[in-house]
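*Asks:* Got a file for you: final04.cif, mmCIF, C-alpha atoms.
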```cif
data_query
loop_
_atom_site.label_atom_id
_atom_site.label_comp_id
_atom_site.auth_asym_id
_atom_site.auth_seq_id
_atom_site.Cartn_x
_atom_site.Cartn_y
_atom_site.Cartn_z
CA MET A 1 62.31 47.97 -33.19
CA ALA A 2 59.13 48.65 -31.19
CA ILE A 3 57.10 51.78 -31.69
CA GLN A 4 57.64 53.92 -28.58
CA ALA A 5 54.32 55.26 -27.29
CA GLY A 6 53.61 58.10 -24.90
CA ILE A 7 50.21 58.44 -23.22
CA ILE A 8 48.82 61.76 -21.99
CA GLY A 9 46.46 60.97 -19.13
CA TYR A 10 45.94 57.76 -17.17
CA GLY A 11 42.31 57.84 -16.15
CA LEU A 12 39.70 55.34 -17.36
CA SER A 13 40.55 55.85 -21.02
CA GLY A 14 44.33 55.65 -20.73
CA SER A 15 44.47 52.84 -18.17
CA VAL A 16 41.64 50.64 -19.52
CA PHE A 17 41.17 51.31 -23.23
CA HIS A 18 44.68 52.13 -24.41
CA ALA A 19 47.56 50.84 -22.28
CA PRO A 20 46.34 47.20 -22.10
CA ILE A 21 45.67 47.10 -25.85
CA LEU A 22 49.06 48.63 -26.63
CA ARG A 23 50.75 46.04 -24.41
CA SER A 24 48.96 43.26 -26.30
CA VAL A 25 50.35 44.32 -29.69
CA PRO A 26 54.05 43.33 -30.02
CA ASP A 27 54.86 46.35 -32.21
CA TYR A 28 54.52 48.78 -29.28
CA ARG A 29 56.20 49.67 -26.02
CA VAL A 30 54.58 52.14 -23.61
CA HIS A 31 57.57 54.39 -23.01
CA THR A 32 56.18 57.30 -20.96
CA VAL A 33 52.90 58.36 -19.36
CA VAL A 34 51.86 61.85 -18.26
CA SER A 35 50.09 61.35 -14.95
CA SER A 36 49.81 62.85 -11.48
CA ASP A 37 49.56 59.31 -10.04
CA PRO A 38 52.83 57.42 -10.73
CA ASP A 39 51.85 54.58 -8.41
CA LYS A 40 48.78 53.80 -10.52
CA VAL A 41 50.87 53.66 -13.68
CA HIS A 42 53.65 51.58 -12.14
CA LYS A 43 51.15 49.11 -10.72
CA ASP A 44 50.27 48.26 -14.33
CA MET A 45 53.61 48.95 -16.04
CA SER A 46 56.59 48.94 -13.69
CA ASP A 47 59.16 49.83 -16.38
CA THR A 48 57.24 52.80 -17.84
CA ALA A 49 58.46 56.33 -17.14
CA VAL A 50 55.99 58.75 -15.58
CA VAL A 51 56.24 62.52 -16.03
CA ASP A 52 53.99 65.29 -14.80
CA SER A 53 54.00 67.57 -17.84
CA VAL A 54 52.99 67.25 -21.47
CA ASP A 55 56.02 69.30 -22.52
CA GLU A 56 58.40 66.78 -20.94
CA LEU A 57 56.79 63.92 -22.85
CA LEU A 58 56.76 65.78 -26.16
CA SER A 59 60.40 66.85 -25.84
CA ASN A 60 61.56 63.23 -25.62
CA PRO A 61 63.06 62.30 -29.01
CA ASP A 62 62.56 58.56 -28.38
CA ILE A 63 58.75 58.77 -28.45
CA ASP A 64 57.20 57.99 -31.84
CA VAL A 65 53.47 58.24 -31.19
CA VAL A 66 51.48 60.19 -28.61
CA ILE A 67 48.10 58.95 -27.38
CA ILE A 68 45.89 61.73 -25.98
CA THR A 69 43.37 60.51 -23.40
CA SER A 70 42.86 63.76 -21.47
CA PRO A 71 39.50 65.62 -21.19
CA ASN A 72 37.82 66.58 -24.47
CA ALA A 73 38.47 70.30 -24.14
CA THR A 74 42.24 69.63 -24.17
CA HIS A 75 42.28 67.48 -27.31
CA TYR A 76 42.87 70.32 -29.75
CA GLU A 77 45.74 71.95 -27.86
CA TYR A 78 47.58 68.74 -26.94
CA THR A 79 47.19 67.38 -30.46
CA ARG A 80 48.52 70.60 -31.93
CA LEU A 81 51.54 70.52 -29.64
CA ALA A 82 52.24 66.86 -30.41
CA ILE A 83 52.06 67.44 -34.16
CA GLU A 84 54.35 70.46 -33.85
CA ALA A 85 56.80 68.22 -31.98
CA GLY A 86 56.83 65.84 -34.96
CA LYS A 87 54.95 62.98 -33.27
CA HIS A 88 52.32 60.72 -34.76
CA VAL A 89 49.10 61.21 -32.79
CA VAL A 90 46.15 59.12 -31.60
CA VAL A 91 43.34 61.19 -30.10
CA GLU A 92 40.71 59.58 -27.91
CA LYS A 93 37.23 60.21 -29.27
CA PRO A 94 35.69 62.70 -29.71
CA PHE A 95 38.39 64.16 -31.94
CA THR A 96 37.83 67.81 -30.97
CA VAL A 97 35.06 70.06 -29.68
CA THR A 98 34.51 71.78 -33.05
CA SER A 99 34.97 70.70 -36.66
CA ALA A 100 37.01 73.86 -37.34
CA GLU A 101 39.57 72.66 -34.78
CA ALA A 102 39.61 69.24 -36.43
CA ASP A 103 40.20 70.73 -39.88
CA GLU A 104 43.09 72.80 -38.56
CA LEU A 105 44.76 69.75 -37.02
CA ILE A 106 44.28 67.66 -40.17
CA ASP A 107 45.98 70.36 -42.25
CA LEU A 108 48.80 70.72 -39.71
CA ALA A 109 49.49 66.97 -39.65
CA LYS A 110 49.76 66.94 -43.43
CA LEU A 111 52.12 69.92 -43.31
CA LYS A 112 54.34 68.27 -40.70
CA GLY A 113 54.25 64.85 -42.36
CA VAL A 114 52.93 62.95 -39.34
CA LEU A 115 50.05 60.52 -38.95
CA LEU A 116 46.88 61.62 -37.14
CA THR A 117 44.05 59.29 -36.19
CA VAL A 118 41.21 59.04 -33.67
CA TYR A 119 40.37 56.12 -31.39
CA HIS A 120 36.91 55.14 -32.63
CA ASN A 121 37.43 51.68 -31.17
CA ARG A 122 33.76 50.69 -31.27
CA ARG A 123 34.09 49.99 -34.97
CA TRP A 124 35.50 46.73 -33.58
CA ASP A 125 32.68 45.97 -31.12
CA ASN A 126 31.49 42.41 -31.63
CA ASP A 127 27.87 43.41 -32.21
CA PHE A 128 28.79 46.11 -34.74
CA LEU A 129 31.07 43.73 -36.65
CA THR A 130 28.14 41.29 -36.80
CA VAL A 131 25.73 43.98 -38.03
CA ARG A 132 28.23 45.08 -40.65
CA ASN A 133 28.64 41.52 -41.89
CA LEU A 134 24.88 40.99 -41.94
CA LEU A 135 24.33 44.10 -44.06
CA GLU A 136 27.01 42.97 -46.49
CA THR A 137 25.24 39.63 -47.00
CA GLY A 138 21.95 41.32 -47.95
CA ALA A 139 20.00 39.11 -45.57
CA LEU A 140 17.65 41.97 -44.65
CA GLY A 141 17.01 43.06 -48.20
CA LYS A 142 16.57 46.77 -48.83
CA LEU A 143 17.20 48.50 -45.51
CA SER A 144 14.43 50.66 -44.06
CA ILE A 145 15.42 51.28 -40.42
CA TYR A 146 18.77 51.06 -38.64
CA GLN A 147 18.45 51.79 -34.95
CA SER A 148 21.21 51.72 -32.36
CA GLN A 149 21.07 52.77 -28.73
CA PHE A 150 23.63 53.08 -25.97
CA SER A 151 21.66 53.74 -22.79
CA ARG A 152 22.54 53.37 -19.13
CA TYR A 153 20.95 53.67 -15.71
CA ARG A 154 22.84 56.42 -13.93
CA PRO A 155 20.19 58.40 -12.01
CA GLU A 156 22.67 60.33 -9.88
CA VAL A 157 24.68 63.14 -11.45
CA GLN A 158 28.39 62.80 -10.67
CA SER A 159 29.13 66.51 -10.63
CA GLU A 160 32.85 65.99 -9.93
CA ARG A 161 33.31 64.31 -13.33
CA TRP A 162 34.17 66.72 -16.13
CA ARG A 163 31.93 64.80 -18.54
CA GLU A 164 28.91 65.83 -16.45
CA GLN A 165 29.83 69.48 -16.09
CA GLY A 166 28.54 72.23 -18.34
CA VAL A 167 31.82 72.72 -20.20
CA ALA A 168 32.80 72.54 -23.85
CA GLY A 169 32.78 68.97 -25.14
CA SER A 170 30.94 67.52 -22.14
CA GLY A 171 27.69 65.58 -22.15
CA ILE A 172 26.47 62.30 -23.54
CA LEU A 173 26.29 63.45 -27.18
CA TYR A 174 30.06 63.96 -27.33
CA ASP A 175 30.67 60.85 -25.22
CA LEU A 176 28.46 57.96 -26.32
CA GLY A 177 26.99 59.84 -29.26
CA SER A 178 30.33 60.01 -31.03
CA HIS A 179 30.50 56.20 -31.00
CA LEU A 180 27.05 55.71 -32.50
CA ILE A 181 27.50 58.48 -35.07
CA ASP A 182 30.87 57.09 -36.18
CA GLN A 183 29.42 53.61 -36.64
CA ALA A 184 26.56 54.97 -38.75
CA LEU A 185 28.80 57.13 -40.93
CA PHE A 186 31.24 54.23 -41.36
CA LEU A 187 28.41 52.07 -42.71
CA PHE A 188 26.42 54.58 -44.71
CA GLY A 189 28.40 57.78 -45.25
CA LEU A 190 27.01 61.25 -44.61
CA PRO A 191 23.22 61.59 -44.35
CA GLU A 192 21.10 64.08 -46.26
CA THR A 193 19.30 65.42 -43.16
CA LEU A 194 19.56 65.31 -39.38
CA TRP A 195 16.99 65.91 -36.63
CA ALA A 196 17.94 65.95 -32.94
CA ASP A 197 16.26 66.07 -29.56
CA LEU A 198 18.64 66.71 -26.65
CA ARG A 199 17.70 66.78 -22.97
CA THR A 200 19.01 67.06 -19.44
CA GLU A 201 16.69 64.48 -17.91
CA ARG A 202 18.25 64.04 -14.44
CA LYS A 203 17.84 66.47 -11.58
CA GLY A 204 20.88 68.70 -11.29
CA SER A 205 22.31 67.74 -14.68
CA LYS A 206 24.33 70.52 -16.32
CA ALA A 207 25.19 68.65 -19.51
CA HIS A 208 23.02 66.78 -21.98
CA ASP A 209 22.38 63.27 -20.65
CA TYR A 210 19.86 62.18 -23.34
CA PHE A 211 19.83 62.36 -27.11
CA HIS A 212 17.64 61.09 -29.92
CA LEU A 213 18.96 61.57 -33.44
CA VAL A 214 17.34 60.75 -36.77
CA LEU A 215 19.72 60.70 -39.73
CA GLY A 216 17.91 60.85 -43.05
CA TYR A 217 19.23 58.89 -46.02
CA LYS A 218 17.53 58.65 -49.40
CA THR A 219 15.73 55.34 -48.83
CA PHE A 220 16.16 54.61 -45.09
CA ARG A 221 16.50 56.18 -41.68
CA VAL A 222 19.14 55.82 -38.97
CA ILE A 223 17.96 56.33 -35.38
CA LEU A 224 20.57 56.82 -32.66
CA HIS A 225 19.53 57.07 -29.04
CA SER A 226 20.93 57.28 -25.53
CA GLY A 227 19.44 57.98 -22.12
CA SER A 228 20.67 57.98 -18.53
CA LEU A 229 17.49 56.68 -16.88
CA VAL A 230 17.21 53.32 -18.62
CA ARG A 231 17.21 50.54 -16.04
CA GLN A 232 16.26 47.88 -18.60
CA ALA A 233 17.41 48.60 -22.13
CA GLY A 234 15.80 47.41 -25.34
CA PRO A 235 17.80 46.06 -28.28
CA LYS A 236 21.26 47.52 -28.76
CA PHE A 237 20.74 47.13 -32.51
CA GLU A 238 17.45 46.87 -34.37
CA LEU A 239 17.48 46.64 -38.15
CA HIS A 240 14.55 46.17 -40.52
CA GLY A 241 14.51 45.68 -44.28
CA ASP A 242 12.04 44.49 -46.90
CA LYS A 243 13.23 40.87 -46.46
CA GLY A 244 13.99 40.59 -42.79
CA SER A 245 14.80 41.98 -39.35
CA PHE A 246 17.69 41.65 -36.91
CA LEU A 247 17.57 42.32 -33.14
CA LYS A 248 20.63 42.27 -30.89
CA TYR A 249 20.53 42.76 -27.12
CA GLY A 250 23.40 43.29 -24.73
CA THR A 251 26.68 45.13 -25.21
CA ASP A 252 30.13 44.22 -26.44
CA PRO A 253 32.11 42.56 -23.62
CA GLN A 254 35.55 44.03 -24.29
CA GLU A 255 35.25 47.01 -21.92
CA GLY A 256 34.19 44.75 -19.08
CA GLN A 257 36.93 42.27 -19.91
CA LEU A 258 39.58 44.99 -19.87
CA LYS A 259 38.36 46.20 -16.47
CA GLN A 260 38.68 42.61 -15.21
CA GLY A 261 42.28 42.43 -16.39
CA MET A 262 41.76 40.42 -19.56
CA HIS A 263 43.68 41.19 -22.74
CA PRO A 264 43.38 40.39 -26.45
CA GLY A 265 44.47 36.82 -27.01
CA ASP A 266 42.94 35.55 -23.76
CA ALA A 267 40.38 32.76 -24.08
CA GLY A 268 36.94 34.22 -24.77
CA TRP A 269 38.24 37.68 -25.67
CA GLY A 270 35.53 39.72 -27.39
CA GLU A 271 33.14 36.77 -27.53
CA ASP A 272 29.45 36.69 -26.61
CA GLN A 273 27.76 34.01 -24.59
CA PRO A 274 25.10 32.18 -26.65
CA ASP A 275 22.28 33.90 -24.76
CA GLN A 276 23.57 37.22 -26.14
CA TYR A 277 23.43 36.18 -29.81
CA GLY A 278 21.22 38.29 -32.07
CA GLU A 279 18.07 37.02 -33.73
CA LEU A 280 17.54 37.14 -37.47
CA ALA A 281 14.16 36.73 -39.17
CA THR A 282 14.37 36.62 -42.96
CA GLU A 283 13.52 34.47 -45.98
CA LEU A 284 15.56 32.12 -48.10
CA SER A 285 14.21 30.90 -51.44
CA GLY A 286 10.72 31.96 -50.41
CA LEU A 287 10.87 30.20 -47.04
CA ALA A 288 10.58 32.11 -43.77
CA VAL A 289 13.67 31.54 -41.61
CA GLN A 290 14.23 32.63 -38.03
CA GLY A 291 17.13 31.87 -35.73
CA GLU A 292 20.12 33.04 -33.75
CA ILE A 293 23.20 34.52 -35.40
CA GLU A 294 26.48 33.85 -33.61
CA THR A 295 28.19 37.14 -32.76
CA LEU A 296 31.54 37.72 -34.41
CA PRO A 297 34.38 38.22 -31.89
CA GLY A 298 35.21 41.82 -31.01
CA ARG A 299 38.77 42.98 -31.60
CA TYR A 300 39.82 46.37 -30.23
CA GLN A 301 43.42 45.37 -30.91
CA ALA A 302 42.72 45.82 -34.64
CA PHE A 303 43.00 49.60 -34.22
CA TYR A 304 46.56 49.53 -32.92
CA GLN A 305 47.54 46.73 -35.28
CA GLY A 306 46.34 48.90 -38.15
CA LEU A 307 48.20 51.94 -36.83
CA ALA A 308 51.41 49.91 -36.58
CA GLU A 309 50.98 48.90 -40.22
CA ALA A 310 50.56 52.57 -41.14
CA ILE A 311 53.64 53.68 -39.18
CA LEU A 312 55.97 50.84 -40.11
CA LYS A 313 54.83 49.94 -43.63
CA GLY A 314 52.85 52.90 -44.92
CA GLY A 315 49.48 51.17 -44.69
CA SER A 316 46.13 52.90 -44.34
CA LEU A 317 45.16 54.42 -41.01
CA PRO A 318 42.53 52.46 -39.06
CA VAL A 319 40.44 55.64 -38.77
CA GLN A 320 40.96 58.52 -41.16
CA PRO A 321 40.98 61.92 -39.40
CA GLU A 322 38.46 63.26 -41.90
CA GLU A 323 36.04 60.53 -40.81
CA ALA A 324 36.45 61.58 -37.18
CA ARG A 325 35.98 65.23 -38.21
CA ASN A 326 32.67 64.32 -39.82
CA VAL A 327 31.49 62.90 -36.50
CA ILE A 328 32.07 66.32 -34.94
CA ARG A 329 30.21 67.93 -37.83
CA MET A 330 27.19 65.74 -37.10
CA ILE A 331 27.36 66.71 -33.41
CA GLU A 332 27.36 70.37 -34.44
CA TYR A 333 24.37 69.77 -36.72
CA ALA A 334 22.61 68.00 -33.85
CA LEU A 335 23.16 70.97 -31.54
CA GLN A 336 21.86 73.28 -34.28
CA SER A 337 18.79 71.11 -34.90
CA HIS A 338 17.98 71.04 -31.19
CA GLN A 339 18.41 74.79 -30.79
CA LYS A 340 16.26 75.58 -33.84
CA GLY A 341 13.75 72.80 -33.26
CA ARG A 342 13.78 71.60 -36.83
CA LEU A 343 15.24 69.24 -39.39
CA ILE A 344 18.64 70.32 -40.70
CA LYS A 345 19.90 69.73 -44.23
CA ILE A 346 23.46 68.43 -44.36
CA THR A 347 25.62 70.53 -46.63
#
```
Just give me the structure as structure tokens.
*Replies:*
Amino acid sequence: MAIQAGIIGYGLSGSVFHAPILRSVPDYRVHTVVSSDPDKVHKDMSDTAVVDSVDELLSNPDIDVVIITSPNATHYEYTRLAIEAGKHVVVEKPFTVTSAEADELIDLAKLKGVLLTVYHNRRWDNDFLTVRNLLETGALGKLSIYQSQFSRYRPEVQSERWREQGVAGSGILYDLGSHLIDQALFLFGLPETLWADLRTERKGSKAHDYFHLVLGYKTFRVILHSGSLVRQAGPKFELHGDKGSFLKYGTDPQEGQLKQGMHPGDAGWGEDQPDQYGELATELSGLAVQGEIETLPGRYQAFYQGLAEAILKGGSLPVQPEEARNVIRMIEYALQSHQKGRLIKIT
């Protein structure tokens, strides 16, 4: 029997990043959506129920898992209510606004015996999967610098969007920063130190729209960066070690493919064009080698496939809630570093 899913919110996140992926995994059926725009939902899923209140969705005994895609400031309260209702929960990143909220929800989920996870889908970006594989092969030798950026050219502030308002959980650090931080922690664990520079670089901006983070590890540094006034971006990933370097331009195609109506399983899903392949310079048996590395295919569907395994067979969650909580901790350390103007020790 299919896992019955309920989605809270049907904006960009719910309609592009969740519903199409859920529909591509046979273990799920999108049962109900909370939305003020039933026509939008029914255009995509004609047989899905639409309700206008979270309480109505949570009171439905047929729903097994609730996916929360509403604004960041609502994540804690809606997750708490869903757990109390005995539902498994997927929270869109970032998990919560504070790590204390995250800890409370983790404890509550354990108490109620339900699964709780966070949609850090960019662990399955094609470029990140390629970087991960490259690090595992040791082709770069002893790592010195890992740099990842997620910059855009958005010179005009869209003040009607909650992400650009000066409210709790808004701004680019919670938005794009949570992706980059999660990827780094997934690869390397918690750093020893963190230094942050945060800015509002656009006229009229009320939320941070720029960040530059340096995570200090014992023998290497991780640099994470994002800006809103970048018309022509540099490498998405730049890694250097004592044997070699890897540069990767461009971004994972899955978001664009979803917006175009593609789904996992379609021809070319998650794949780069050859002109987007990364370039590796290293040495093999004392010989200098330089060439393109074919990008591994991206696979956002792996998140929901993993969650189905956890629900139906007791497998491991695709993202542990403690991992997502640590992302929020790093955001809090970044805010502290910026406010104090100094390097922060991670405790």
*Asks:* Choose the residue, out of A:Val89, A:Val118, A:Ile331, A:Ile145, that has the smallest atom-to-atom separation from Phe220 in chain A; count all atoms listed in the file.
*Replies:* A:Ile145
*Asks:* Please, what is the axis-aligned box for every listed atom of range 296-309 of chain A with 5 Å on each side, as centre and edge lengths in Å to one decimal, as JSON?
*Replies:*
```
{"center_x": 41.5, "center_y": 44.8, "center_z": -35.2, "size_x": 29.9, "size_y": 24.2, "size_z": 20.0}
```
*Asks:* Got a sec to resolve the PyMOL selection byres ((chain A and resi 3) around 8) on this structure and send the residues as a list in words?
*Replies:*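 When the PyMOL selection byres ((chain A and resi 3) around 8) is applied to the shown file, the picked residues are Met1, Ala2, Gln4, Ala5, Asp27, Tyr28, Arg29, Ile63, Asp64, Val65 and Ala308 of chain A.
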*Asks:* Quick one: apply the PyMOL selection byres ((chain A and resi 208) around 6) to the file and drop the selected residues here as a ChimeraX atom specification.
*Replies:* /A:171-172,199-200,207,209-210
*Asks:* With the file shown as input, list the residues that the PyMOL selection byres ((chain A and resi 241) around 12) selects, as a ChimeraX atom specification.
*Replies:* /A:134-135,138-147,219-221,238-240,242-246,280-283
*Asks:* Quick one: residues within 7 Å of range 8-15 of chain A, all atoms listed in the file counted, chain neighbours fewer than 2 positions away excluded, as a PyMOL selection string?
*Replies:* chain A and resi 6+17-19+33-35+54+67-70
*Asks:* Would you mind reading off the distance between CA of Ala82 in chain A and CA of Leu312 in chain A, one decimal, in Å?
*Replies:*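 Interatomic distance here is 19.1 Å.
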*Asks:* Counting only C-alpha atoms, which residue out of A:Gln336, A:Val230, A:His225, A:Ser285 sits closest to Tyr153 in chain A?
*Replies:*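 Between A:Gln336, A:Val230, A:His225, A:Ser285, the residue approaching Tyr153 in chain A most closely is A:Val230.
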*Asks:* Report, in Å with one decimal, the straight-line distance from CA of Gly166 in chain A to CA of Val97 in chain A.
*Replies:*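 Atom-to-atom, CA of Gly166 in chain A and CA of Val97 in chain A are spaced 13.3 Å apart.
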*Asks:* Could you check which of A:Leu111, A:Leu215, A:Val41, A:Ala302 is closest to Ser24 in chain A, using all atoms listed in the file?
*Replies:*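 Answer, going by the shortest atom-to-atom distance: A:Ala302.
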*Asks:* May I ask for the distance between CA of Thr295 in chain A and CA of Val319 in chain A, given in Å to one decimal place?
*Replies:* 23.0 Å
*Asks:* Ranking A:Val131, A:Leu105, A:Leu213, A:Val16 by minimum distance to Leu247 in chain A and counting only C-alpha atoms, which one comes first?
*Replies:*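 Closest candidate: A:Val131.
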*Asks:* Tell me which protein, DNA and RNA residues are within 9 Å of Ala324 in chain A, counting all atoms listed in the file, leaving out same-chain ones fewer than 3 positions away, and put them as a list in words.
*Replies:*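 The neighbour list is Lys93, Pro94, Phe95, Thr96, Ala102, Thr117, Val118, Tyr119, His120, Ser178, Asp182, Val319, Gln320, Pro321, Val327, Ile328 and Arg329 of chain A.
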*Asks:* Residues of the last selection are to be written out with C-alpha atoms, as a compact mmCIF listing (two decimals), keeping the file's coordinate frame.
*Replies:*
```
# COMPACT_ATOMS: atom_id res chain seq x y z
CA LYS A 93 37.23 60.21 -29.27
CA PRO A 94 35.69 62.70 -29.71
CA PHE A 95 38.39 64.16 -31.94
CA THR A 96 37.83 67.81 -30.97
CA ALA A 102 39.61 69.24 -36.43
CA THR A 117 44.05 59.29 -36.19
CA VAL A 118 41.21 59.04 -33.67
CA TYR A 119 40.37 56.12 -31.39
CA HIS A 120 36.91 55.14 -32.63
CA SER A 178 30.33 60.01 -31.03
CA ASP A 182 30.87 57.09 -36.18
CA VAL A 319 40.44 55.64 -38.77
CA GLN A 320 40.96 58.52 -41.16
CA PRO A 321 40.98 61.92 -39.40
CA VAL A 327 31.49 62.90 -36.50
CA ILE A 328 32.07 66.32 -34.94
CA ARG A 329 30.21 67.93 -37.83
```
*Asks:* Report as a PyMOL selection string all protein, DNA and RNA residues lying within 9 Å of Leu129 in chain A, evaluated on all atoms listed in the file, omitting residues in the same chain fewer than 5 positions from it.
*Replies:* chain A and resi 123-124+134+295-298
*Asks:* Give me, as a list of chain:residue names, all polymer residues having an atom no more than 9 Å from Leu58 in chain A, counting only C-alpha atoms and skipping those fewer than 6 positions away in the same chain.
*Replies:*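 In the requested form, the answer reads A:Gly6, A:Val66, A:Leu81, A:Ala82, A:Ala85, A:Gly86, A:Lys87.
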*Asks:* What lies within 7 Å of Leu194 in chain A using only C-alpha atoms, ignoring chain neighbours under 2 positions off, as a tab-separated table (two decimals) with C-alpha atoms, in the frame of the given file?
*Replies:*
```tsv
chain	number	residue	atom	x	y	z
A	196	ALA	CA	17.94	65.95	-32.94
A	214	VAL	CA	17.34	60.75	-36.77
A	215	LEU	CA	19.72	60.70	-39.73
A	216	GLY	CA	17.91	60.85	-43.05
A	334	ALA	CA	22.61	68.00	-33.85
A	343	LEU	CA	15.24	69.24	-39.39
A	344	ILE	CA	18.64	70.32	-40.70
A	345	LYS	CA	19.90	69.73	-44.23
```
*Asks:* Counting all atoms listed in the file, which of A:Leu115, A:Ile21, A:Leu187, A:Leu224 gets nearest to Leu173 in chain A?
*Replies:* A:Leu224
*Asks:* Could you check the closest approach to Ile181 in chain A for each of A:Asp52, A:Asp127, A:Glu332, A:Glu160 and tell me which residue wins, using all atoms listed in the file?
*Replies:*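 Looking at the shortest contact to Ile181 in chain A, the residue is A:Glu332.
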